[in-house]
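**Q** Have a peek at coords_39.cif (mmCIF, C-alpha atoms).
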```
data_entry
loop_
_atom_site.label_atom_id
_atom_site.label_comp_id
_atom_site.auth_asym_id
_atom_site.auth_seq_id
_atom_site.Cartn_x
_atom_site.Cartn_y
_atom_site.Cartn_z
CA ILE A 307 265.41 54.37 -25.16
CA LEU A 308 264.57 58.08 -25.11
CA SER A 309 266.97 59.86 -27.42
CA GLY A 310 267.40 63.60 -27.86
CA GLY A 311 268.69 65.69 -30.70
CA ASN A 312 269.09 69.24 -31.90
CA GLY A 313 265.37 69.91 -31.39
CA VAL A 314 265.56 69.40 -27.61
CA LYS A 315 265.50 72.85 -26.02
CA ASP A 316 265.19 71.86 -22.34
CA TRP A 317 267.69 69.13 -21.44
CA GLY A 318 266.63 69.14 -17.78
CA LEU A 319 263.10 68.26 -18.90
CA PHE A 320 264.51 65.59 -21.22
CA HIS A 321 266.36 63.97 -18.28
CA ARG A 322 263.21 64.13 -16.12
CA ALA A 323 261.18 62.47 -18.88
CA THR A 324 263.77 59.71 -19.18
CA ALA A 325 263.60 59.11 -15.43
CA ALA A 326 259.78 59.15 -15.42
CA LEU A 327 259.72 56.52 -18.17
CA GLY A 328 262.50 54.43 -16.65
CA ALA A 329 264.22 54.69 -20.02
CA THR A 330 267.84 54.67 -21.12
CA GLU A 331 269.13 57.97 -22.49
CA GLY A 332 270.45 58.28 -26.02
CA ALA A 333 271.41 61.18 -28.26
CA SER A 334 272.13 62.23 -31.80
CA ARG A 335 275.66 63.15 -32.83
CA VAL A 336 274.70 66.84 -32.88
CA ALA A 337 273.54 66.70 -29.24
CA VAL A 338 276.78 64.97 -28.24
CA ASP A 339 278.98 67.35 -30.26
CA ASP A 340 277.19 70.31 -28.66
CA GLY A 341 278.00 68.91 -25.20
CA PHE A 342 274.46 68.05 -24.08
CA MET A 343 275.11 64.32 -23.75
CA ALA A 344 278.16 62.14 -23.18
CA ARG A 345 279.81 60.48 -26.18
CA ASP A 346 278.86 57.01 -24.89
CA ARG A 347 275.17 57.98 -25.36
CA GLN A 348 275.55 58.70 -29.07
CA VAL A 349 273.30 56.50 -31.20
CA GLY A 350 274.18 55.74 -34.80
CA ALA A 351 276.79 54.33 -37.13
CA SER A 352 279.44 56.63 -35.63
CA GLY A 353 278.21 55.89 -32.10
CA THR A 354 276.36 52.90 -30.70
CA TRP A 355 274.06 50.58 -32.63
CA VAL A 356 271.09 49.96 -30.34
CA THR A 357 268.36 47.39 -29.89
CA ALA A 358 265.19 48.39 -28.08
CA ARG A 359 261.56 47.41 -27.96
CA VAL A 360 260.71 51.12 -28.21
CA TYR A 361 263.00 53.91 -29.40
CA VAL A 362 261.70 57.46 -28.92
CA ALA A 363 263.50 60.18 -30.90
CA VAL A 364 262.87 63.72 -29.67
CA GLY A 365 264.00 66.48 -32.01
CA ILE A 366 266.15 64.18 -34.15
CA SER A 367 266.02 64.81 -37.90
CA GLY A 368 267.14 61.32 -38.87
CA ALA A 369 270.53 61.45 -40.54
CA ILE A 370 271.34 58.19 -42.32
CA GLN A 371 274.01 57.31 -39.73
CA HIS A 372 271.46 57.68 -36.93
CA LEU A 373 268.88 55.61 -38.77
CA GLN A 374 271.47 52.86 -39.29
CA GLY A 375 272.08 52.77 -35.54
CA ILE A 376 268.40 52.17 -34.72
CA GLY A 377 267.79 49.55 -37.41
CA ALA A 378 267.29 46.75 -34.87
CA CYS A 379 264.69 48.62 -32.78
CA ASP A 380 261.21 47.06 -32.78
CA LYS A 381 259.16 50.28 -32.70
CA VAL A 382 260.30 53.85 -33.37
CA VAL A 383 258.41 56.90 -32.15
CA ALA A 384 259.45 60.29 -33.54
CA ILE A 385 258.61 63.61 -31.91
CA ASN A 386 259.48 66.48 -34.23
CA LEU A 387 258.21 69.79 -35.58
CA ASP A 388 259.17 68.85 -39.15
CA PRO A 389 256.64 66.41 -40.65
CA GLY A 390 258.95 65.83 -43.64
CA CYS A 391 262.13 64.86 -41.78
CA ASP A 392 263.65 61.42 -42.28
CA MET A 393 263.02 60.34 -38.66
CA ILE A 394 259.30 60.95 -39.14
CA LYS A 395 259.40 58.94 -42.36
CA ARG A 396 261.13 56.05 -40.54
CA ALA A 397 258.90 56.09 -37.46
CA ASP A 398 256.14 53.63 -36.66
CA LEU A 399 254.40 56.44 -34.75
CA SER A 400 254.97 60.15 -35.33
CA VAL A 401 254.03 63.06 -33.10
CA ILE A 402 254.27 66.39 -34.88
CA GLY A 403 254.72 69.12 -32.31
CA ASP A 404 256.92 70.91 -29.84
CA GLY A 405 259.15 68.42 -28.00
CA THR A 406 259.13 70.46 -24.79
CA ALA A 407 255.32 70.48 -24.57
CA ILE A 408 255.11 66.80 -25.47
CA LEU A 409 257.74 65.72 -22.93
CA GLN A 410 256.00 67.75 -20.22
CA ALA A 411 252.63 66.17 -21.07
CA LEU A 412 254.26 62.72 -21.08
CA ILE A 413 255.75 63.24 -17.62
CA GLU A 414 252.38 64.43 -16.30
CA ALA A 415 250.57 61.47 -17.87
CA VAL A 416 253.04 58.96 -16.41
CA ASP A 417 252.83 60.57 -12.96
CA ASN A 418 249.03 60.60 -13.13
CA TRP A 419 248.92 56.98 -14.29
CA ARG A 420 251.22 55.90 -11.45
CA GLN A 421 248.90 57.60 -8.98
CA GLY A 422 245.93 55.73 -10.43
CA GLY A 423 244.38 58.74 -12.12
CA LEU A 424 244.76 57.70 -15.76
CA THR A 425 243.87 54.35 -17.21
CA GLN A 426 245.81 52.99 -20.14
CA ARG A 427 242.82 53.57 -22.45
CA GLU A 428 242.40 57.30 -21.84
CA PRO A 429 243.87 59.68 -24.44
CA ILE A 430 246.64 62.08 -23.56
CA ALA A 431 246.07 65.69 -24.62
CA VAL A 432 249.12 67.63 -25.79
CA ALA A 433 249.24 71.33 -26.52
CA SER A 434 251.36 72.39 -29.46
CA ASN A 435 252.80 75.68 -30.65
CA GLY A 436 252.59 74.75 -34.29
#
```
What is this structure when it is put down as structure tokens?

**A**
Amino acid sequence: ILSGGNGVKDWGLFHRATAALGATEGASRVAVDDGFMARDRQVGASGTWVTARVYVAVGISGAIQHLQGIGACDKVVAINLDPGCDMIKRADLSVIGDGTAILQALIEAVDNWRQGGLTQREPIAVASNG
């Protein structure tokens, strides 16, 4: 599951990243309330409780209701600018940086890998604004 929150600034890019990964889209309540995602995509105690092998939270701060909804996920990856947010604290893997740059790099890495240009052992470089 690739889930977006208030920190997602380019929703078109978010949708492209979800498609590139073959992932299911999810969202925080803020993203749903702001009209960026449909209500049935809301993850959390006031939305849908999810189970996933990998849950990637992009720009989600980690409100307690959201964290309750991902409790059954095997691995959580958090992409956020705030290293002190609750989602980062909950995550198994944290990426501190600009979600737009990271999603773009992820799409490029997946496309390159599918074309045979990147092995699974090569690192992925990501530029960050902060």

**Q** Counting all atoms listed in the file, what is within 10 Å of region 370-381 of chain A, bar same-chain residues fewer than 4 positions away, as a list of chain:residue names?

**A**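 Residues near the query, excluding close chain neighbours: A:Ile307, A:Ala333, A:Ser334, A:Arg335, A:Gln348, A:Val349, A:Gly350, A:Ala351, A:Ser352, A:Gly353, A:Thr354, A:Trp355, A:Val356, A:Thr357, A:Ala358, A:Arg359, A:Val360, A:Tyr361, A:Val362, A:Ile366, A:Asp392, A:Met393, A:Arg396, A:Ala397, A:Asp398, A:Leu399.
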
**Q** Name the closest residue to Leu308 (chain A) among the candidates A:Gly341, A:Pro389, A:Gly403, A:Gly365; distances are taken between atoms, counting only C-alpha atoms.

**A**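 Among A:Gly341, A:Pro389, A:Gly403, A:Gly365, it is A:Gly365 that comes nearest to Leu308 (chain A).
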
**Q** Could you write out as a ChimeraX atom specification the residues that the PyMOL selection byres ((chain A and resi 386) around 9) matches in the shown file?

**A** /A:313,363-367,384-385,387-389,391,393-394,400-405

**Q** Provide the CA of Val382 (chain A) to CA of Ile408 (chain A) distance in Å, to one decimal place.

**A**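 Separation between CA of Val382 (chain A) and CA of Ile408 (chain A): 16.0 Å.
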
**Q** Quick one, how far is CA of Val338 (chain A) from CA of Ala326 (chain A)?

**A**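 Taking CA of Val338 (chain A) as the start and CA of Ala326 (chain A) as the end point, the length is 22.1 Å.
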